[in-house]
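Colleague: target.txt (compact mmCIF, C-alpha atoms) pasted underneath:
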```txt
# COMPACT_ATOMS: atom_id res chain seq x y z
CA MET A 1164 -115.99 -40.84 65.03
CA LYS A 1165 -112.58 -40.68 66.68
CA ASP A 1166 -110.96 -37.30 67.28
CA ALA A 1167 -107.67 -36.34 65.66
CA ILE A 1168 -105.38 -33.38 66.21
CA GLY A 1169 -102.83 -32.19 63.71
CA TYR A 1170 -99.47 -30.49 63.99
CA VAL A 1171 -97.72 -28.37 61.35
CA ARG A 1172 -94.33 -26.68 61.53
CA VAL A 1173 -91.89 -24.85 59.30
CA SER A 1174 -88.48 -23.45 60.13
CA SER A 1175 -87.51 -19.94 59.11
CA GLU A 1176 -85.59 -21.33 56.12
CA GLU A 1177 -88.55 -23.42 54.93
CA GLN A 1178 -91.22 -20.71 55.07
CA ALA A 1179 -90.76 -19.71 51.43
CA ASP A 1180 -91.10 -23.31 50.21
CA SER A 1181 -94.76 -23.88 49.35
CA GLY A 1182 -94.21 -27.64 49.31
CA LEU A 1183 -93.34 -27.50 52.99
CA GLY A 1184 -95.65 -24.63 53.90
CA LEU A 1185 -98.14 -24.65 56.73
CA GLU A 1186 -101.15 -24.63 54.40
CA ALA A 1187 -99.83 -27.57 52.37
CA GLN A 1188 -99.32 -29.54 55.58
CA ARG A 1189 -102.80 -28.63 56.84
CA GLN A 1190 -104.37 -29.82 53.58
CA ARG A 1191 -102.58 -33.18 53.74
CA ILE A 1192 -103.67 -33.70 57.34
CA ALA A 1193 -107.30 -32.75 56.57
CA ALA A 1194 -107.39 -35.06 53.54
CA TYR A 1195 -105.99 -37.95 55.58
CA CYS A 1196 -108.54 -37.48 58.35
CA THR A 1197 -111.39 -37.37 55.84
CA MET A 1198 -110.15 -40.55 54.18
CA LYS A 1199 -109.82 -42.36 57.52
CA GLY A 1200 -113.11 -41.07 58.94
CA LEU A 1201 -111.43 -39.05 61.70
CA HIS A 1202 -112.78 -35.82 63.17
CA LEU A 1203 -110.00 -33.23 62.93
CA ALA A 1204 -110.61 -31.27 66.12
CA GLU A 1205 -107.66 -28.88 65.97
CA VAL A 1206 -104.39 -28.18 64.16
CA PHE A 1207 -101.48 -26.73 66.12
CA GLU A 1208 -99.04 -24.51 64.22
CA ASP A 1209 -95.39 -23.65 64.86
CA PRO A 1210 -94.25 -21.20 62.15
CA GLY A 1211 -90.56 -20.33 62.04
CA VAL A 1212 -89.55 -22.96 64.61
CA SER A 1213 -86.52 -25.22 64.16
CA ALA A 1214 -86.94 -28.98 64.41
CA GLY A 1215 -83.88 -28.94 66.64
CA LYS A 1216 -86.04 -27.69 69.52
CA PRO A 1217 -87.68 -30.48 71.53
CA LEU A 1218 -91.41 -30.70 70.86
CA ALA A 1219 -92.33 -29.78 74.45
CA THR A 1220 -90.36 -26.50 74.27
CA ARG A 1221 -92.10 -25.19 71.14
CA PRO A 1222 -95.09 -22.83 71.60
CA ALA A 1223 -97.61 -25.00 69.72
CA GLY A 1224 -95.73 -28.23 70.40
CA SER A 1225 -96.34 -27.94 74.12
CA LYS A 1226 -100.05 -27.27 73.48
CA LEU A 1227 -100.23 -30.29 71.20
CA LEU A 1228 -98.81 -32.54 73.92
CA ALA A 1229 -101.22 -31.13 76.51
CA ALA A 1230 -104.22 -31.66 74.22
CA ALA A 1231 -103.13 -35.18 73.28
CA ARG A 1232 -102.79 -36.21 76.91
CA LYS A 1233 -106.37 -35.19 77.73
CA GLY A 1234 -107.82 -38.14 75.84
CA LYS A 1235 -107.13 -40.99 73.46
CA VAL A 1236 -106.73 -39.18 70.15
CA VAL A 1237 -104.85 -39.64 66.90
CA VAL A 1238 -102.00 -37.18 66.36
CA VAL A 1239 -101.48 -36.63 62.64
CA VAL A 1240 -98.51 -34.95 60.94
CA ALA A 1241 -97.75 -34.56 57.25
CA LYS A 1242 -94.16 -35.70 57.78
CA LEU A 1243 -92.33 -37.11 60.77
CA ASP A 1244 -89.60 -34.44 60.78
CA ARG A 1245 -92.28 -31.82 61.49
CA LEU A 1246 -92.31 -33.32 64.99
CA PHE A 1247 -88.77 -34.61 65.58
CA ARG A 1248 -85.23 -34.57 64.37
CA SER A 1249 -83.81 -35.64 67.69
CA VAL A 1250 -83.71 -39.37 68.36
CA ALA A 1251 -84.04 -38.83 72.11
CA ASP A 1252 -87.05 -36.53 71.73
CA ALA A 1253 -88.75 -38.94 69.31
CA ALA A 1254 -88.15 -41.92 71.58
CA ASN A 1255 -89.46 -40.12 74.68
CA VAL A 1256 -92.61 -38.74 73.04
CA ILE A 1257 -93.45 -41.95 71.17
CA ASP A 1258 -93.00 -43.96 74.37
CA ASP A 1259 -95.23 -41.52 76.29
CA PHE A 1260 -97.90 -41.68 73.57
CA ASP A 1261 -97.75 -45.47 73.61
CA LYS A 1262 -98.32 -45.62 77.37
CA ARG A 1263 -101.27 -43.23 77.14
CA GLY A 1264 -102.90 -44.95 74.18
CA ILE A 1265 -102.30 -41.98 71.88
CA GLN A 1266 -101.93 -42.96 68.23
CA LEU A 1267 -99.39 -41.15 66.06
CA VAL A 1268 -99.53 -41.12 62.27
CA ALA A 1269 -96.89 -39.66 59.91
CA ILE A 1270 -98.51 -39.44 56.46
CA ALA A 1271 -95.43 -39.06 54.24
CA GLU A 1272 -93.62 -42.03 55.75
CA ASN A 1273 -96.85 -44.07 56.03
CA PHE A 1274 -95.98 -44.79 59.65
CA ASP A 1275 -98.77 -45.90 61.92
CA MET A 1276 -97.25 -46.02 65.38
CA THR A 1277 -100.01 -48.07 66.85
CA SER A 1278 -97.85 -51.17 66.18
CA PRO A 1279 -94.36 -52.12 67.44
CA TYR A 1280 -93.13 -52.15 63.83
CA GLY A 1281 -94.44 -48.65 63.20
CA ARG A 1282 -92.83 -47.31 66.36
CA ALA A 1283 -89.49 -48.91 65.49
CA MET A 1284 -89.60 -47.47 61.96
CA ALA A 1285 -90.39 -44.02 63.33
CA GLN A 1286 -87.44 -44.15 65.69
CA MET A 1287 -85.15 -45.27 62.85
CA ALA A 1288 -86.38 -42.39 60.72
CA SER A 1289 -85.55 -40.02 63.57
CA VAL A 1290 -82.01 -41.42 63.67
CA PHE A 1291 -81.51 -40.56 60.01
CA ALA A 1292 -83.16 -37.16 60.40
CA GLU A 1293 -80.75 -36.31 63.21
CA LEU A 1294 -77.82 -37.58 61.10
CA GLU A 1295 -78.92 -35.39 58.19
CA ARG A 1296 -79.16 -32.38 60.49
CA ALA A 1297 -75.64 -33.03 61.83
CA MET A 1298 -74.25 -33.37 58.30
CA ILE A 1299 -75.86 -30.09 57.23
CA ARG A 1300 -74.29 -28.33 60.24
CA GLU A 1301 -70.89 -29.83 59.41
CA ARG A 1302 -71.10 -28.78 55.75
CA THR A 1303 -72.13 -25.27 56.80
CA ARG A 1304 -69.21 -25.00 59.25
CA SER A 1305 -66.78 -26.21 56.57
CA ALA A 1306 -68.09 -23.70 54.03
CA MET A 1307 -67.87 -20.87 56.57
CA SER A 1308 -64.30 -21.86 57.46
CA VAL A 1309 -63.27 -21.68 53.80
CA LYS A 1310 -64.92 -18.29 53.37
CA ARG A 1311 -63.34 -17.02 56.58
CA ALA A 1312 -59.90 -18.18 55.43
CA ARG A 1313 -60.38 -16.32 52.16
CA GLY A 1314 -61.49 -13.20 54.01
CA GLU A 1315 -64.90 -13.37 52.36
CA ARG A 1316 -68.14 -12.06 53.80
CA ILE A 1317 -70.01 -14.70 55.82
CA SER A 1318 -72.67 -12.64 57.61
CA GLY A 1319 -74.40 -9.30 57.63
CA TYR A 1320 -71.99 -7.92 60.24
CA ALA A 1321 -68.24 -7.61 60.07
CA PRO A 1322 -66.49 -9.08 63.14
CA PHE A 1323 -65.03 -6.63 65.64
CA GLY A 1324 -61.69 -5.38 64.33
CA TRP A 1325 -62.75 -5.58 60.70
CA ASP A 1326 -64.93 -3.87 58.10
CA PHE A 1327 -66.27 -5.01 54.77
CA GLY A 1328 -64.26 -3.70 51.84
CA PRO A 1329 -64.76 -4.00 48.06
CA GLY A 1330 -66.27 -7.31 47.03
CA GLY A 1331 -67.33 -8.02 50.60
CA ARG A 1332 -63.78 -8.87 51.69
CA LEU A 1333 -62.66 -8.10 55.21
CA VAL A 1334 -60.27 -5.22 55.80
CA GLU A 1335 -58.79 -4.22 59.14
CA ASN A 1336 -60.42 -1.47 61.17
CA ALA A 1337 -57.46 0.37 62.73
CA ARG A 1338 -59.42 1.77 65.69
CA GLU A 1339 -60.96 -1.57 66.60
CA GLN A 1340 -57.65 -3.41 66.20
CA LYS A 1341 -56.18 -1.07 68.84
CA ILE A 1342 -59.10 -1.93 71.15
CA ILE A 1343 -58.41 -5.64 70.64
CA ASP A 1344 -54.78 -5.01 71.61
CA ARG A 1345 -56.05 -3.19 74.71
CA MET A 1346 -58.22 -6.19 75.60
CA LYS A 1347 -55.24 -8.52 75.28
CA ARG A 1348 -53.14 -6.34 77.60
CA LEU A 1349 -55.92 -6.23 80.20
CA GLN A 1350 -56.29 -10.00 79.97
CA ALA A 1351 -52.55 -10.40 80.46
CA GLU A 1352 -52.87 -8.27 83.60
CA GLY A 1353 -55.27 -10.88 84.97
CA LEU A 1354 -58.62 -9.18 84.40
CA SER A 1355 -61.64 -11.41 83.78
CA PHE A 1356 -63.83 -10.96 80.71
CA ARG A 1357 -66.33 -9.09 82.88
CA GLY A 1358 -63.54 -6.98 84.34
CA ILE A 1359 -62.30 -6.08 80.86
CA ALA A 1360 -65.84 -5.07 79.85
CA VAL A 1361 -66.14 -2.81 82.90
CA ARG A 1362 -62.72 -1.27 82.24
CA LEU A 1363 -63.50 -0.54 78.59
CA ASP A 1364 -66.80 1.09 79.56
CA GLY A 1365 -65.00 3.15 82.19
CA GLU A 1366 -62.46 4.33 79.64
CA GLY A 1367 -65.22 5.47 77.28
CA ILE A 1368 -64.40 2.83 74.69
CA ARG A 1369 -67.53 1.76 72.84
CA PRO A 1370 -68.28 -1.56 71.10
CA LYS A 1371 -69.11 -1.81 67.41
CA ARG A 1372 -72.81 -2.15 68.23
CA GLY A 1373 -74.63 -1.23 71.42
CA LYS A 1374 -73.75 1.20 74.19
CA ARG A 1375 -71.95 -1.04 76.67
CA TRP A 1376 -69.59 -3.97 76.60
CA ILE A 1377 -70.84 -7.43 77.52
CA HIS A 1378 -68.41 -9.96 78.95
CA THR A 1379 -69.48 -12.63 76.45
CA THR A 1380 -68.64 -10.24 73.60
CA VAL A 1381 -65.20 -9.67 75.06
CA LYS A 1382 -64.71 -13.42 75.37
CA THR A 1383 -65.71 -14.01 71.74
CA ILE A 1384 -63.41 -11.27 70.43
CA LEU A 1385 -60.42 -12.52 72.41
CA ALA A 1386 -61.04 -16.13 71.37
CA ARG A 1387 -61.27 -15.09 67.71
CA ASN A 1388 -58.06 -13.07 67.95
CA ALA A 1389 -56.04 -15.43 70.13
CA ALA A 1390 -52.45 -15.75 68.93
```
Here is the file; what I need is its structure written in the form of structure tokens.
Modeller:
Amino acid sequence: MKDAIGYVRVSSEEQADSGLGLEAQRQRIAAYCTMKGLHLAEVFEDPGVSAGKPLATRPAGSKLLAAARKGKVVVVVAKLDRLFRSVADAANVIDDFDKRGIQLVAIAENFDMTSPYGRAMAQMASVFAELERAMIRERTRSAMSVKRARGERISGYAPFGWDFGPGGRLVENAREQKIIDRMKRLQAEGLSFRGIAVRLDGEGIRPKRGKRWIHTTVKTILARNAA
């Protein structure tokens, strides 16, 4: 009986969706292995991990790759996007598996990457998965831009210089607006973002959150309030 190893993953947003949950994925993988007469040796789990991260950089993903490379096994996933949404990552891993004689099966897509056709179909699916991810990011940015233009609440924290007023709309924070003006003057004097942070700390001016200024925070505030 040939050994198989499984991989399951959900992002933070998907954790509440039972159809995409870790247990549902595990059950599909186990059922497939039983049907195909495979011995399911281990299932690697990455809860709360985005598909945008390359497989090798995920906690369980890296262990999966190490286990797969120890011998000729079948890697089984419930759906291809549990492994990849990056075309480059998919192409690299699939090519590596192919060279090592590692079989890869994606149950939902019915892809068996032991054939050239299966590998090509998997790579095409990764192209569309990456496109979908890019479109979601673009729609999210557009929606946030509209909300920002309306002065509506878009996160749990008001940006520096502002507070949340009635209905979640942004209203100016007079104290913080003066600090932004101070930042602009220091920048005009030629101070770097780090230099501005040091100066504000030295003057006893505190950020909205935290005890000390960070140069990246200064940079973000000045970029947001550039005029």
Colleague: Tell me which protein, DNA and RNA residues are within 10 Å of Val1206 in chain A, counting only C-alpha atoms, leaving out same-chain ones fewer than 6 positions away, and put them as a list in words.
Modeller: Ala1167, Ile1168, Gly1169, Tyr1170, Val1171, Arg1189, Ile1192, Ala1193, Ala1223, Leu1227, Val1238, Val1239 and Val1240 of chain A
Colleague: Could you check which of A:Val1361, A:Ala1194, A:Leu1218, A:Ile1377 is closest to Ala1254 in chain A, using all atoms listed in the file?
Modeller: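 The shortest atom-to-atom distance to Ala1254 in chain A comes from A:Leu1218.
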Colleague: State, in Å with one decimal place, the distance from CA of Arg1338 in chain A to CA of Asn1388 in chain A.
Modeller: 15.1 Å
Colleague: Compare A:Lys1341, A:Ala1321, A:Ala1253, A:Met1346 by their minimum atom-to-atom distance to Ala1389 in chain A, counting only C-alpha atoms, and give me the closest one.
Modeller: A:Met1346
Colleague: Counting only C-alpha atoms, which of A:Asp1261, A:Gly1234, A:Ile1270, A:Leu1385 gets nearest to Met1198 in chain A?
Modeller: A:Ile1270
Colleague: Between CA of Arg1302 in chain A and CA of Pro1217 in chain A, what distance in Å does the model show, to one decimal?
Modeller: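 If I compute the distance from CA of Arg1302 in chain A to CA of Pro1217 in chain A, I get 23.0 Å.
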